[in-house]
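Novice: This is the structure I have questions about; it appears just below.
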Amino acid sequence: MSRGLARFFAGAVASFGLAAVVWEAFAWSGLFSPALSPSLRVIVPTLVGMVSSGMIFLHIGYTLYRILWGLALALLLGIPVGLLMGRFKAAERFVLPLVSVLSPIPSLAWVPVFILWFGLGDAASIALVFYAATFPVVLNTWTGVRSVNRLWIRAAQAMGAGGADLFRKVVLPGSLPFVIAGFRQAFARSWIAVVGGEMIAATNWGLGWVIFDSKEFLRADMMLGTLIVIGVLGVGFERLVFQQLERRTVGRWGMVRTAKA
Amino acid sequence: MFRASATLGLRRAAWGLAQLAFPFVVVAIAWEAFAILGPFPPRLFPRLDVIGSTFVRLIATGILPLHALDTILRLAAGFALGGVVGVVVGMLMGRHRWAEDLLVPVVSVGNPIPGLAYAPLFVLWFGLGNLPAVLLVGFSATFPVIVNTWTGVKAVKDIWIRAAQVMGAADRQLFRKVVLPGALPYVLTGLRLGLARAWRVLIAVEMLTSVSVGLGWLIFGAREFMNTDVMLAGIAVIGIVGLALEKLVFERIEQFTVVRWGMMQR
Amino acid sequence: MDQIELRAVSFEYTANGRRVLALSDVAFGVGVSEFVCVVGRSGCGKTTLLNILAGFLTPTKGEVLMDGKTLHGRGLDRGVVFQDFAQLFPWRTAQRNVEFGLEMKGVPRDERAATARRFLTLVGLDKFTGAYPHELSGGMQQRVAIARALAYNPSVLLMDEPFAALDALTREDMQRLLADVWRETKKTVVYVTHNVAEAVYLADRIVIMTPHPGTVKSQITVTLRRPRDPLSIEFLEYQKRVVADL
């Protein structure tokens, strides 16, 4: 193990240790009743119970199902639209005004409307994720196409590439760093949308719903346990999906600097 | 001669405006077609004239401005809180190794958790209303500010610091005259991201913490009576406020850093 | 007969509302398998000239003949090497970069790979076929670029200061390498540079251009035996003659 890595782990242990100590002090301070600020001695068993009963995995499953559907739809629509915008001025002129008016509206503002349109449940949450994720994908893909190095295009043209070949073999890989950045941003926004959506619009399943439902029964331990799960999932996706994706493509190609292992 | 060029300019402006309006006209037509032919009853999918008249009525009676004002005040308070805390913590992390070692893991785990997920917890602790809403908005906004400020301080080039030291700068001066301006573009980026995040979270927070007045609460409350037109009018105002934030605040900040220093790419 | 013939080529463009004459009545020919260096100070239009030969720009007056026919646009009969290392595609390995032109020609995969490896060997990079551009040094990247421009077998090689961004020692190595490659492949080369010693080292003939507007001032035929010795008296004499005309 390298010294840098050792230092990182030592830092992490100290860091989380300190956070735990601060939390315990807060829990025992009597600032709030123990039911509202439970000690780790309560939170950890609750979390273990949620995991061992398997319930948490069902909730995770529902939340991921909604996120992945919404994201897939957003990529399916957003990448082609972004590519078209980068390629054709007319597409840019048509889409850009709409995007710049719609994207500052937080996705969650649509929750009440989507509930009325799609009812409570999966459809409303998926629609929310879709709304939240589409704009970052479109904007980043568009930026990516525009920032493709002109020299690559020239070199490819000099070698006889044009039309579809030029697009598939040069423009697409050339804009990949931005497309991945858009994907990552879209995921972060989707997370917010799905948790918020589940709190307000879900029925019985999903991590957001668990948190919200725990409030009714004053189960702060359950809320905090779920928050930890959400945090772990977020870090997990970053490490396992986005960093891997980057490392194997644009990082391998030296187009972006990737985080160290 | 002057006249001719003036009308030419006018015509060009009109053409530009028409180009800008065209996509919205297309969307409006699609909306109307869907409202008339689609499966939803008018109550759930109102026509544009209904939304428009509701919008005008709510503006004229002062209801929308009132809610919008409250939302903006809440945004300002939350963002100010998150911004100050974020810059201080970020600076600390950038300047002191111990702070960095201690805080980086907590921040990197805390950052990807949507601030909104804490909403019910904050409601348990602080009750309903303004306090949890403002705290939560501040909490959400603070992470991007921390991360960017920290990065910014770390990105201050050693050669600048050495140059300043050679010219006799003491620690305090070094910080104020080299580190701070050097990190500023990053700090501003962080503030921009923080504000954007605060804005995204705020509307939902207003729904969850049952503030008495606010755009989020307005559209959420309208659900009880299936007033889709009120919701959409509220969303329109949210869009206007969001757009104003973008044009008046974000783009200004970006201009400032890009033009003044030419330091940021993109 | 000359393979390339420029006939009174002029090029004019508009910048900030002002019309700028970048090239004015440029005329010269390049023979088959001849190595011609175009030398001039920055702003003399030599890069514009190369871009016209490559087909990225069209002359506003005059024409370029290639094998007796008027040149229209780009073509696989010409290979181009630019100055910037960034010309390589970062998402392709050295070998896959070299394969690109062959891919465009529709050459089958196995043959493509074999050809690419052959040309990488020619430029001394047979051990780096699987490396990505960012893993290679600047000089190596330019060698890949040369292999890439040669691989699809164009009859003409157009080079725009390919070694200008390299350090002096690497540049000398690269010049030797290019001279060897040229001797082996017998391509017609048009090579743009502002480095006089480089031009004398490489060229059969040097075309000297002067700016505002870009015109051909003179042409000097270099009759030194190859390989040339940059420290010989004759070599220095040639350098003096070129510098005198710049």
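Within each chain, counting starts at residue 1; across the structure tokens, chains are named A, B, ... in the order shown, with ligands numbered 1 upward in that order.
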Neighbours of Glu24 of chain A within 10 Å (only C-alpha atoms; same-chain residues fewer than 6 positions away dropped), as a short mmCIF file (atom, residue, chain, number, x, y, z; two decimals) with N, CA and C atoms, in the first residue's frame?
Specialist:
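In the end it all went to result.cif:
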data_model
loop_
_atom_site.label_atom_id
_atom_site.label_comp_id
_atom_site.auth_asym_id
_atom_site.auth_seq_id
_atom_site.Cartn_x
_atom_site.Cartn_y
_atom_site.Cartn_z
N LEU A 18 -14.27 11.22 13.97
CA LEU A 18 -14.60 12.53 14.53
C LEU A 18 -16.08 12.84 14.32
N SER A 37 -32.87 12.58 17.98
CA SER A 37 -31.45 12.51 17.66
C SER A 37 -30.87 11.25 18.30
N PRO A 38 -31.16 10.12 17.68
CA PRO A 38 -30.76 8.85 18.28
C PRO A 38 -29.25 8.66 18.25
N SER A 39 -28.77 7.94 19.25
CA SER A 39 -27.35 7.62 19.30
C SER A 39 -27.02 6.59 18.23
N LEU A 40 -25.74 6.51 17.90
CA LEU A 40 -25.30 5.49 16.93
C LEU A 40 -25.65 4.10 17.43
N ARG A 41 -25.74 3.94 18.75
CA ARG A 41 -26.07 2.63 19.32
C ARG A 41 -27.48 2.21 18.91
#
Novice: Near chain A, meaning an atom within 9 Å, which residues of chain C appear when counting only C-alpha atoms? Write them as a ChimeraX atom specification.
Specialist: /C:54-56,74-76,78-82,84,86-93,100-102,104-105,132-135,149,152
Novice: If you count only C-alpha atoms, which residues fall within 12 Å of segment 20-34 of chain B, apart from same-chain ones fewer than 2 positions away, as a PDB file with N, CA, C and O atoms, in the first residue's frame?
Specialist:
ATOM      1  N   ALA A  90     -29.773  25.131 -37.332  1.00  0.00           N
ATOM      2  CA  ALA A  90     -31.224  25.267 -37.218  1.00  0.00           C
ATOM      3  C   ALA A  90     -31.733  24.549 -35.968  1.00  0.00           C
ATOM      4  O   ALA A  90     -32.571  25.075 -35.237  1.00  0.00           O
ATOM      5  N   ALA A  91     -31.186  23.351 -35.710  1.00  0.00           N
ATOM      6  CA  ALA A  91     -31.601  22.602 -34.523  1.00  0.00           C
ATOM      7  C   ALA A  91     -31.219  23.378 -33.266  1.00  0.00           C
ATOM      8  O   ALA A  91     -31.992  23.460 -32.314  1.00  0.00           O
ATOM      9  N   GLU A  92     -30.027  23.958 -33.288  1.00  0.00           N
ATOM     10  CA  GLU A  92     -29.586  24.749 -32.138  1.00  0.00           C
ATOM     11  C   GLU A  92     -30.539  25.918 -31.905  1.00  0.00           C
ATOM     12  O   GLU A  92     -30.957  26.185 -30.784  1.00  0.00           O
ATOM     13  N   ARG A  93     -30.892  26.607 -32.991  1.00  0.00           N
ATOM     14  CA  ARG A  93     -31.766  27.770 -32.854  1.00  0.00           C
ATOM     15  C   ARG A  93     -33.138  27.383 -32.347  1.00  0.00           C
ATOM     16  O   ARG A  93     -33.805  28.165 -31.683  1.00  0.00           O
ATOM     17  N   PHE A  94     -33.580  26.178 -32.676  1.00  0.00           N
ATOM     18  CA  PHE A  94     -34.906  25.755 -32.241  1.00  0.00           C
ATOM     19  C   PHE A  94     -34.886  25.285 -30.784  1.00  0.00           C
ATOM     20  O   PHE A  94     -35.737  25.661 -29.982  1.00  0.00           O
ATOM     21  N   VAL A  95     -33.904  24.494 -30.422  1.00  0.00           N
ATOM     22  CA  VAL A  95     -33.922  23.849 -29.104  1.00  0.00           C
ATOM     23  C   VAL A  95     -33.416  24.768 -28.004  1.00  0.00           C
ATOM     24  O   VAL A  95     -33.958  24.782 -26.895  1.00  0.00           O
ATOM     25  N   LEU A  96     -32.368  25.549 -28.296  1.00  0.00           N
ATOM     26  CA  LEU A  96     -31.715  26.306 -27.233  1.00  0.00           C
ATOM     27  C   LEU A  96     -32.650  27.233 -26.445  1.00  0.00           C
ATOM     28  O   LEU A  96     -32.611  27.244 -25.216  1.00  0.00           O
ATOM     29  N   PRO A  97     -33.532  28.009 -27.131  1.00  0.00           N
ATOM     30  CA  PRO A  97     -34.438  28.861 -26.350  1.00  0.00           C
ATOM     31  C   PRO A  97     -35.322  28.043 -25.410  1.00  0.00           C
ATOM     32  O   PRO A  97     -35.514  28.422 -24.251  1.00  0.00           O
ATOM     33  N   LEU A  98     -35.817  26.907 -25.894  1.00  0.00           N
ATOM     34  CA  LEU A  98     -36.679  26.076 -25.048  1.00  0.00           C
ATOM     35  C   LEU A  98     -35.901  25.569 -23.837  1.00  0.00           C
ATOM     36  O   LEU A  98     -36.378  25.631 -22.702  1.00  0.00           O
ATOM     37  N   VAL A  99     -34.684  25.092 -24.095  1.00  0.00           N
ATOM     38  CA  VAL A  99     -33.882  24.558 -22.997  1.00  0.00           C
ATOM     39  C   VAL A  99     -33.565  25.651 -21.990  1.00  0.00           C
ATOM     40  O   VAL A  99     -33.654  25.444 -20.781  1.00  0.00           O
ATOM     41  N   SER A 100     -33.218  26.843 -22.478  1.00  0.00           N
ATOM     42  CA  SER A 100     -32.808  27.864 -21.520  1.00  0.00           C
ATOM     43  C   SER A 100     -33.989  28.383 -20.715  1.00  0.00           C
ATOM     44  O   SER A 100     -33.797  28.927 -19.623  1.00  0.00           O
ATOM     45  N   VAL A 101     -35.207  28.206 -21.223  1.00  0.00           N
ATOM     46  CA  VAL A 101     -36.367  28.604 -20.419  1.00  0.00           C
ATOM     47  C   VAL A 101     -36.777  27.480 -19.461  1.00  0.00           C
ATOM     48  O   VAL A 101     -37.131  27.726 -18.307  1.00  0.00           O
ATOM     49  N   LEU A 102     -36.691  26.241 -19.930  1.00  0.00           N
ATOM     50  CA  LEU A 102     -37.182  25.132 -19.103  1.00  0.00           C
ATOM     51  C   LEU A 102     -36.176  24.669 -18.051  1.00  0.00           C
ATOM     52  O   LEU A 102     -36.556  24.265 -16.959  1.00  0.00           O
TER      53      LEU A 102
ATOM     54  N   ALA B  13     -33.684  42.911 -36.298  1.00  0.00           N
ATOM     55  CA  ALA B  13     -34.120  42.631 -34.928  1.00  0.00           C
ATOM     56  C   ALA B  13     -35.431  41.847 -34.935  1.00  0.00           C
ATOM     57  O   ALA B  13     -35.610  40.891 -34.178  1.00  0.00           O
ATOM     58  N   ALA B  14     -36.342  42.260 -35.828  1.00  0.00           N
ATOM     59  CA  ALA B  14     -37.638  41.577 -35.923  1.00  0.00           C
ATOM     60  C   ALA B  14     -37.438  40.123 -36.342  1.00  0.00           C
ATOM     61  O   ALA B  14     -38.054  39.209 -35.803  1.00  0.00           O
ATOM     62  N   TRP B  15     -36.548  39.923 -37.282  1.00  0.00           N
ATOM     63  CA  TRP B  15     -36.253  38.562 -37.762  1.00  0.00           C
ATOM     64  C   TRP B  15     -35.684  37.718 -36.624  1.00  0.00           C
ATOM     65  O   TRP B  15     -36.072  36.564 -36.424  1.00  0.00           O
ATOM     66  N   GLY B  16     -34.765  38.323 -35.846  1.00  0.00           N
ATOM     67  CA  GLY B  16     -34.179  37.615 -34.707  1.00  0.00           C
ATOM     68  C   GLY B  16     -35.251  37.221 -33.701  1.00  0.00           C
ATOM     69  O   GLY B  16     -35.275  36.103 -33.186  1.00  0.00           O
ATOM     70  N   LEU B  17     -36.154  38.164 -33.455  1.00  0.00           N
ATOM     71  CA  LEU B  17     -37.232  37.922 -32.495  1.00  0.00           C
ATOM     72  C   LEU B  17     -38.141  36.792 -32.983  1.00  0.00           C
ATOM     73  O   LEU B  17     -38.533  35.914 -32.218  1.00  0.00           O
ATOM     74  N   ALA B  18     -38.426  36.827 -34.273  1.00  0.00           N
ATOM     75  CA  ALA B  18     -39.277  35.788 -34.859  1.00  0.00           C
ATOM     76  C   ALA B  18     -38.615  34.423 -34.708  1.00  0.00           C
ATOM     77  O   ALA B  18     -39.258  33.432 -34.357  1.00  0.00           O
ATOM     78  N   ILE B  36     -56.745  19.791 -26.457  1.00  0.00           N
ATOM     79  CA  ILE B  36     -58.041  19.568 -27.089  1.00  0.00           C
ATOM     80  C   ILE B  36     -58.246  18.086 -27.415  1.00  0.00           C
ATOM     81  O   ILE B  36     -59.286  17.511 -27.126  1.00  0.00           O
ATOM     82  N   LEU B  37     -57.200  17.473 -27.993  1.00  0.00           N
ATOM     83  CA  LEU B  37     -57.354  16.104 -28.492  1.00  0.00           C
ATOM     84  C   LEU B  37     -56.905  15.047 -27.498  1.00  0.00           C
ATOM     85  O   LEU B  37     -57.270  13.880 -27.618  1.00  0.00           O
ATOM     86  N   GLY B  38     -56.065  15.437 -26.513  1.00  0.00           N
ATOM     87  CA  GLY B  38     -55.449  14.465 -25.617  1.00  0.00           C
ATOM     88  C   GLY B  38     -56.433  13.830 -24.657  1.00  0.00           C
ATOM     89  O   GLY B  38     -57.609  14.222 -24.587  1.00  0.00           O
ATOM     90  N   PRO B  39     -55.949  12.857 -23.883  1.00  0.00           N
ATOM     91  CA  PRO B  39     -56.822  12.085 -23.006  1.00  0.00           C
ATOM     92  C   PRO B  39     -57.213  12.820 -21.717  1.00  0.00           C
ATOM     93  O   PRO B  39     -58.131  12.387 -21.028  1.00  0.00           O
ATOM     94  N   PHE B  40     -56.519  13.929 -21.384  1.00  0.00           N
ATOM     95  CA  PHE B  40     -56.787  14.572 -20.092  1.00  0.00           C
ATOM     96  C   PHE B  40     -58.000  15.489 -20.156  1.00  0.00           C
ATOM     97  O   PHE B  40     -58.214  16.180 -21.145  1.00  0.00           O
ATOM     98  N   PRO B  41     -58.787  15.512 -19.062  1.00  0.00           N
ATOM     99  CA  PRO B  41     -59.868  16.504 -18.983  1.00  0.00           C
ATOM    100  C   PRO B  41     -59.261  17.904 -18.833  1.00  0.00           C
ATOM    101  O   PRO B  41     -58.141  18.035 -18.354  1.00  0.00           O
ATOM    102  N   PRO B  42     -59.980  18.927 -19.242  1.00  0.00           N
ATOM    103  CA  PRO B  42     -59.452  20.299 -19.237  1.00  0.00           C
ATOM    104  C   PRO B  42     -58.949  20.714 -17.855  1.00  0.00           C
ATOM    105  O   PRO B  42     -58.011  21.499 -17.740  1.00  0.00           O
ATOM    106  N   LEU B  44     -57.286  19.000 -15.772  1.00  0.00           N
ATOM    107  CA  LEU B  44     -55.925  18.514 -15.553  1.00  0.00           C
ATOM    108  C   LEU B  44     -54.942  19.052 -16.585  1.00  0.00           C
ATOM    109  O   LEU B  44     -53.758  19.121 -16.340  1.00  0.00           O
ATOM    110  N   PHE B  45     -55.433  19.372 -17.758  1.00  0.00           N
ATOM    111  CA  PHE B  45     -54.540  19.850 -18.802  1.00  0.00           C
ATOM    112  C   PHE B  45     -55.177  21.081 -19.452  1.00  0.00           C
ATOM    113  O   PHE B  45     -55.728  21.015 -20.544  1.00  0.00           O
ATOM    114  N   PRO B  46     -55.143  22.218 -18.736  1.00  0.00           N
ATOM    115  CA  PRO B  46     -55.862  23.409 -19.203  1.00  0.00           C
ATOM    116  C   PRO B  46     -55.256  23.980 -20.480  1.00  0.00           C
ATOM    117  O   PRO B  46     -54.083  23.799 -20.750  1.00  0.00           O
ATOM    118  N   ARG B  47     -56.104  24.676 -21.233  1.00  0.00           N
ATOM    119  CA  ARG B  47     -55.618  25.344 -22.438  1.00  0.00           C
ATOM    120  C   ARG B  47     -54.838  26.583 -22.046  1.00  0.00           C
ATOM    121  O   ARG B  47     -54.929  27.067 -20.923  1.00  0.00           O
ATOM    122  N   LEU B  48     -54.051  27.084 -23.021  1.00  0.00           N
ATOM    123  CA  LEU B  48     -53.130  28.173 -22.705  1.00  0.00           C
ATOM    124  C   LEU B  48     -53.846  29.440 -22.274  1.00  0.00           C
ATOM    125  O   LEU B  48     -53.361  30.178 -21.414  1.00  0.00           O
ATOM    126  N   ASP B  49     -55.021  29.703 -22.845  1.00  0.00           N
ATOM    127  CA  ASP B  49     -55.719  30.934 -22.470  1.00  0.00           C
ATOM    128  C   ASP B  49     -56.164  30.881 -21.014  1.00  0.00           C
ATOM    129  O   ASP B  49     -56.134  31.885 -20.309  1.00  0.00           O
ATOM    130  N   VAL B  50     -56.528  29.678 -20.550  1.00  0.00           N
ATOM    131  CA  VAL B  50     -56.908  29.530 -19.138  1.00  0.00           C
ATOM    132  C   VAL B  50     -55.695  29.793 -18.237  1.00  0.00           C
ATOM    133  O   VAL B  50     -55.773  30.559 -17.277  1.00  0.00           O
ATOM    134  N   ILE B  51     -54.566  29.171 -18.598  1.00  0.00           N
ATOM    135  CA  ILE B  51     -53.355  29.384 -17.808  1.00  0.00           C
ATOM    136  C   ILE B  51     -52.984  30.857 -17.818  1.00  0.00           C
ATOM    137  O   ILE B  51     -52.658  31.444 -16.791  1.00  0.00           O
ATOM    138  N   GLY B  52     -53.064  31.459 -19.016  1.00  0.00           N
ATOM    139  CA  GLY B  52     -52.707  32.875 -19.157  1.00  0.00           C
ATOM    140  C   GLY B  52     -53.568  33.758 -18.288  1.00  0.00           C
ATOM    141  O   GLY B  52     -53.049  34.617 -17.558  1.00  0.00           O
TER     142      GLY B  52
END
Novice: Which chain B residues are at most 7 Å from chain A (counting only C-alpha atoms), as an mmCIF file with N, CA, C and O atoms, in the first residue's frame?
Specialist:
data_model
loop_
_atom_site.group_PDB
_atom_site.id
_atom_site.type_symbol
_atom_site.label_atom_id
_atom_site.label_comp_id
_atom_site.auth_asym_id
_atom_site.auth_seq_id
_atom_site.Cartn_x
_atom_site.Cartn_y
_atom_site.Cartn_z
ATOM 1 N N LEU B 20 -36.542 33.577 -32.430
ATOM 2 C CA LEU B 20 -36.565 33.210 -31.018
ATOM 3 C C LEU B 20 -37.955 32.705 -30.626
ATOM 4 O O LEU B 20 -38.099 31.780 -29.830
ATOM 5 N N PRO B 23 -39.771 28.510 -31.809
ATOM 6 C CA PRO B 23 -39.909 27.254 -31.042
ATOM 7 C C PRO B 23 -41.050 27.300 -30.038
ATOM 8 O O PRO B 23 -41.748 26.301 -29.844
ATOM 9 N N LEU B 44 -57.286 19.000 -15.772
ATOM 10 C CA LEU B 44 -55.925 18.514 -15.553
ATOM 11 C C LEU B 44 -54.942 19.052 -16.585
ATOM 12 O O LEU B 44 -53.758 19.121 -16.340
ATOM 13 N N ASP B 101 -7.364 16.698 5.801
ATOM 14 C CA ASP B 101 -7.426 15.269 6.111
ATOM 15 C C ASP B 101 -8.719 14.906 6.821
ATOM 16 O O ASP B 101 -9.320 13.869 6.567
ATOM 17 N N LEU B 102 -9.154 15.777 7.725
ATOM 18 C CA LEU B 102 -10.351 15.469 8.506
ATOM 19 C C LEU B 102 -11.633 15.619 7.701
ATOM 20 O O LEU B 102 -12.562 14.844 7.852
ATOM 21 N N LEU B 103 -11.668 16.620 6.863
ATOM 22 C CA LEU B 103 -12.958 16.974 6.267
ATOM 23 C C LEU B 103 -13.219 16.364 4.890
ATOM 24 O O LEU B 103 -14.368 16.183 4.502
ATOM 25 N N PRO B 105 -13.044 13.325 3.592
ATOM 26 C CA PRO B 105 -13.940 12.154 3.521
ATOM 27 C C PRO B 105 -15.396 12.508 3.829
ATOM 28 O O PRO B 105 -16.306 12.093 3.101
ATOM 29 N N VAL B 106 -15.605 13.312 4.876
ATOM 30 C CA VAL B 106 -16.977 13.672 5.239
ATOM 31 C C VAL B 106 -17.647 14.443 4.098
ATOM 32 O O VAL B 106 -18.781 14.161 3.721
ATOM 33 N N VAL B 109 -18.486 12.242 1.051
ATOM 34 C CA VAL B 109 -19.659 11.387 1.232
ATOM 35 C C VAL B 109 -20.920 12.242 1.320
ATOM 36 O O VAL B 109 -21.967 11.892 0.788
ATOM 37 N N GLY B 110 -20.799 13.403 1.975
ATOM 38 C CA GLY B 110 -21.966 14.258 2.158
ATOM 39 C C GLY B 110 -22.412 14.922 0.870
ATOM 40 O O GLY B 110 -23.601 15.108 0.649
ATOM 41 N N PRO B 112 -22.636 14.026 -2.401
ATOM 42 C CA PRO B 112 -23.612 13.436 -3.328
ATOM 43 C C PRO B 112 -24.983 13.122 -2.720
ATOM 44 O O PRO B 112 -25.898 12.790 -3.454
ATOM 45 N N ILE B 113 -25.133 13.208 -1.385
ATOM 46 C CA ILE B 113 -26.461 12.973 -0.811
ATOM 47 C C ILE B 113 -27.332 14.189 -1.084
ATOM 48 O O ILE B 113 -26.967 15.292 -0.721
ATOM 49 N N PRO B 114 -28.456 14.008 -1.752
ATOM 50 C CA PRO B 114 -29.310 15.166 -2.022
ATOM 51 C C PRO B 114 -29.723 15.825 -0.715
ATOM 52 O O PRO B 114 -30.175 15.143 0.208
ATOM 53 N N LEU B 116 -32.130 17.412 -0.044
ATOM 54 C CA LEU B 116 -33.560 17.219 0.163
ATOM 55 C C LEU B 116 -33.858 16.007 1.050
ATOM 56 O O LEU B 116 -34.840 15.985 1.782
ATOM 57 N N ALA B 117 -32.959 15.001 0.996
ATOM 58 C CA ALA B 117 -33.199 13.786 1.765
ATOM 59 C C ALA B 117 -33.219 14.084 3.259
ATOM 60 O O ALA B 117 -33.786 13.331 4.039
ATOM 61 N N PRO B 120 -37.108 15.674 5.977
ATOM 62 C CA PRO B 120 -37.939 15.199 7.087
ATOM 63 C C PRO B 120 -37.213 15.285 8.431
ATOM 64 O O PRO B 120 -37.818 15.633 9.456
ATOM 65 N N LEU B 121 -35.911 15.004 8.416
ATOM 66 C CA LEU B 121 -35.126 15.091 9.638
ATOM 67 C C LEU B 121 -35.133 16.520 10.178
ATOM 68 O O LEU B 121 -35.340 16.758 11.370
ATOM 69 N N LEU B 124 -38.340 17.264 11.761
ATOM 70 C CA LEU B 124 -38.425 16.703 13.109
ATOM 71 C C LEU B 124 -37.693 17.595 14.108
ATOM 72 O O LEU B 124 -38.150 17.813 15.223
ATOM 73 N N TRP B 125 -36.536 18.083 13.707
ATOM 74 C CA TRP B 125 -35.718 18.857 14.646
ATOM 75 C C TRP B 125 -36.235 20.271 14.846
ATOM 76 O O TRP B 125 -36.264 20.779 15.948
ATOM 77 N N ARG B 200 -32.707 24.731 -6.818
ATOM 78 C CA ARG B 200 -33.355 23.462 -7.155
ATOM 79 C C ARG B 200 -34.032 22.832 -5.943
ATOM 80 O O ARG B 200 -35.079 22.224 -6.056
ATOM 81 N N ILE B 203 -37.634 24.855 -3.886
ATOM 82 C CA ILE B 203 -39.044 24.678 -4.247
ATOM 83 C C ILE B 203 -39.606 23.418 -3.570
ATOM 84 O O ILE B 203 -40.692 23.432 -2.989
ATOM 85 N N ALA B 204 -38.816 22.336 -3.624
ATOM 86 C CA ALA B 204 -39.290 21.095 -3.005
ATOM 87 C C ALA B 204 -39.333 21.224 -1.490
ATOM 88 O O ALA B 204 -40.232 20.703 -0.835
ATOM 89 N N GLY B 216 -43.293 27.175 -3.945
ATOM 90 C CA GLY B 216 -43.399 25.719 -3.840
ATOM 91 C C GLY B 216 -44.690 25.335 -3.138
ATOM 92 O O GLY B 216 -45.410 24.436 -3.564
ATOM 93 N N ILE B 219 -47.878 25.939 -5.415
ATOM 94 C CA ILE B 219 -48.233 24.921 -6.410
ATOM 95 C C ILE B 219 -48.600 23.608 -5.734
ATOM 96 O O ILE B 219 -49.425 22.867 -6.212
ATOM 97 N N PHE B 220 -47.987 23.352 -4.584
ATOM 98 C CA PHE B 220 -48.320 22.112 -3.887
ATOM 99 C C PHE B 220 -49.734 22.179 -3.334
ATOM 100 O O PHE B 220 -50.507 21.226 -3.426
ATOM 101 N N ARG B 223 -52.707 21.495 -5.556
ATOM 102 C CA ARG B 223 -53.008 20.108 -5.875
ATOM 103 C C ARG B 223 -54.310 19.664 -5.211
ATOM 104 O O ARG B 223 -55.093 18.915 -5.780
ATOM 105 N N THR B 228 -54.834 22.868 -11.754
ATOM 106 C CA THR B 228 -53.651 22.716 -12.596
ATOM 107 C C THR B 228 -53.215 24.054 -13.179
ATOM 108 O O THR B 228 -52.025 24.306 -13.354
ATOM 109 N N MET B 231 -51.098 25.800 -10.690
ATOM 110 C CA MET B 231 -49.773 25.175 -10.655
ATOM 111 C C MET B 231 -48.910 25.654 -11.807
ATOM 112 O O MET B 231 -47.758 26.029 -11.626
ATOM 113 N N ILE B 235 -45.476 27.576 -11.836
ATOM 114 C CA ILE B 235 -44.258 27.068 -12.471
ATOM 115 C C ILE B 235 -43.685 28.112 -13.422
ATOM 116 O O ILE B 235 -42.458 28.291 -13.505
ATOM 117 N N ILE B 238 -41.807 30.430 -11.380
ATOM 118 C CA ILE B 238 -40.560 29.777 -10.974
ATOM 119 C C ILE B 238 -39.551 29.831 -12.116
ATOM 120 O O ILE B 238 -38.372 30.139 -11.914
ATOM 121 N N GLY B 239 -40.051 29.566 -13.333
ATOM 122 C CA GLY B 239 -39.174 29.639 -14.500
ATOM 123 C C GLY B 239 -38.614 31.035 -14.689
ATOM 124 O O GLY B 239 -37.430 31.208 -14.974
ATOM 125 N N GLY B 242 -36.038 31.707 -12.038
ATOM 126 C CA GLY B 242 -34.846 30.917 -12.351
ATOM 127 C C GLY B 242 -34.057 31.517 -13.501
ATOM 128 O O GLY B 242 -32.827 31.622 -13.453
ATOM 129 N N LEU B 243 -34.778 31.935 -14.527
ATOM 130 C CA LEU B 243 -34.131 32.534 -15.681
ATOM 131 C C LEU B 243 -33.439 33.842 -15.296
ATOM 132 O O LEU B 243 -32.318 34.133 -15.734
#
Novice: Would you please give, as a PyMOL selection string, all residues of segment 4-156 of chain C that DSSP assigns to strand (DSSP E or B) based on the backbone?
Specialist: chain C and resi 4-15+18-30+35-40+61-66+69-70+78-81+156
Novice: One decimal, in Å: what's the spacing between atom CA of Thr223 of chain C and atom CA of Arg205 of chain C?
Specialist: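 Separation of atom CA of Thr223 of chain C and atom CA of Arg205 of chain C: 8.5 Å.
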Novice: Write out as a ChimeraX atom specification all residues of segment 55-248 of chain A that backbone DSSP assigns to alpha helix (DSSP H).
Specialist: /A:55-87,89-102,111-118,122-146,150-158,163-166,172-174,176-201,207-216,220-237,244-246
Novice: As an exercise, work out the distance from atom CA of Gly139 of chain C to atom CA of Glu99 of chain C in Å and give it to one decimal place.
Specialist: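 Spanning atom CA of Gly139 of chain C to atom CA of Glu99 of chain C is a straight-line distance of 19.5 Å.
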Novice: Extract, using only C-alpha atoms, all DNA, RNA and protein residues at most 10 Å from Leu84 of chain A, discarding same-chain residues fewer than 3 positions from it, and format them as a PyMOL selection string.
Specialist: chain A and resi 78-81+87-92+95+138+141-142+145
Novice: Residues within 8 Å of segment 37-39 of chain C, please, as a list in words. Count only C-alpha atoms; anything in the same chain fewer than 4 positions from it doesn't count.
Specialist: Lys46, Val190, Tyr191, Val192, Thr193, His194, Asn195, Val196, Ala199, Leu202, Ala203, Asp204, Arg205, Ile206, Val207, Ile208 and Met209 of chain C
Novice: Quote the spacing between atom CA of Val89 of chain B and atom CA of Ile146 of chain B in Å to one decimal place.
Specialist: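 Pair atom CA of Val89 of chain B / atom CA of Ile146 of chain B returns 6.1 Å.
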Novice: Please provide as a PyMOL selection string all residues within 9 Å of Ile52 of chain C, with the sequence filter that same-chain residues fewer than 5 positions apart are discarded (counting only C-alpha atoms).
Specialist: chain C and resi 11+47+57-59+64+73
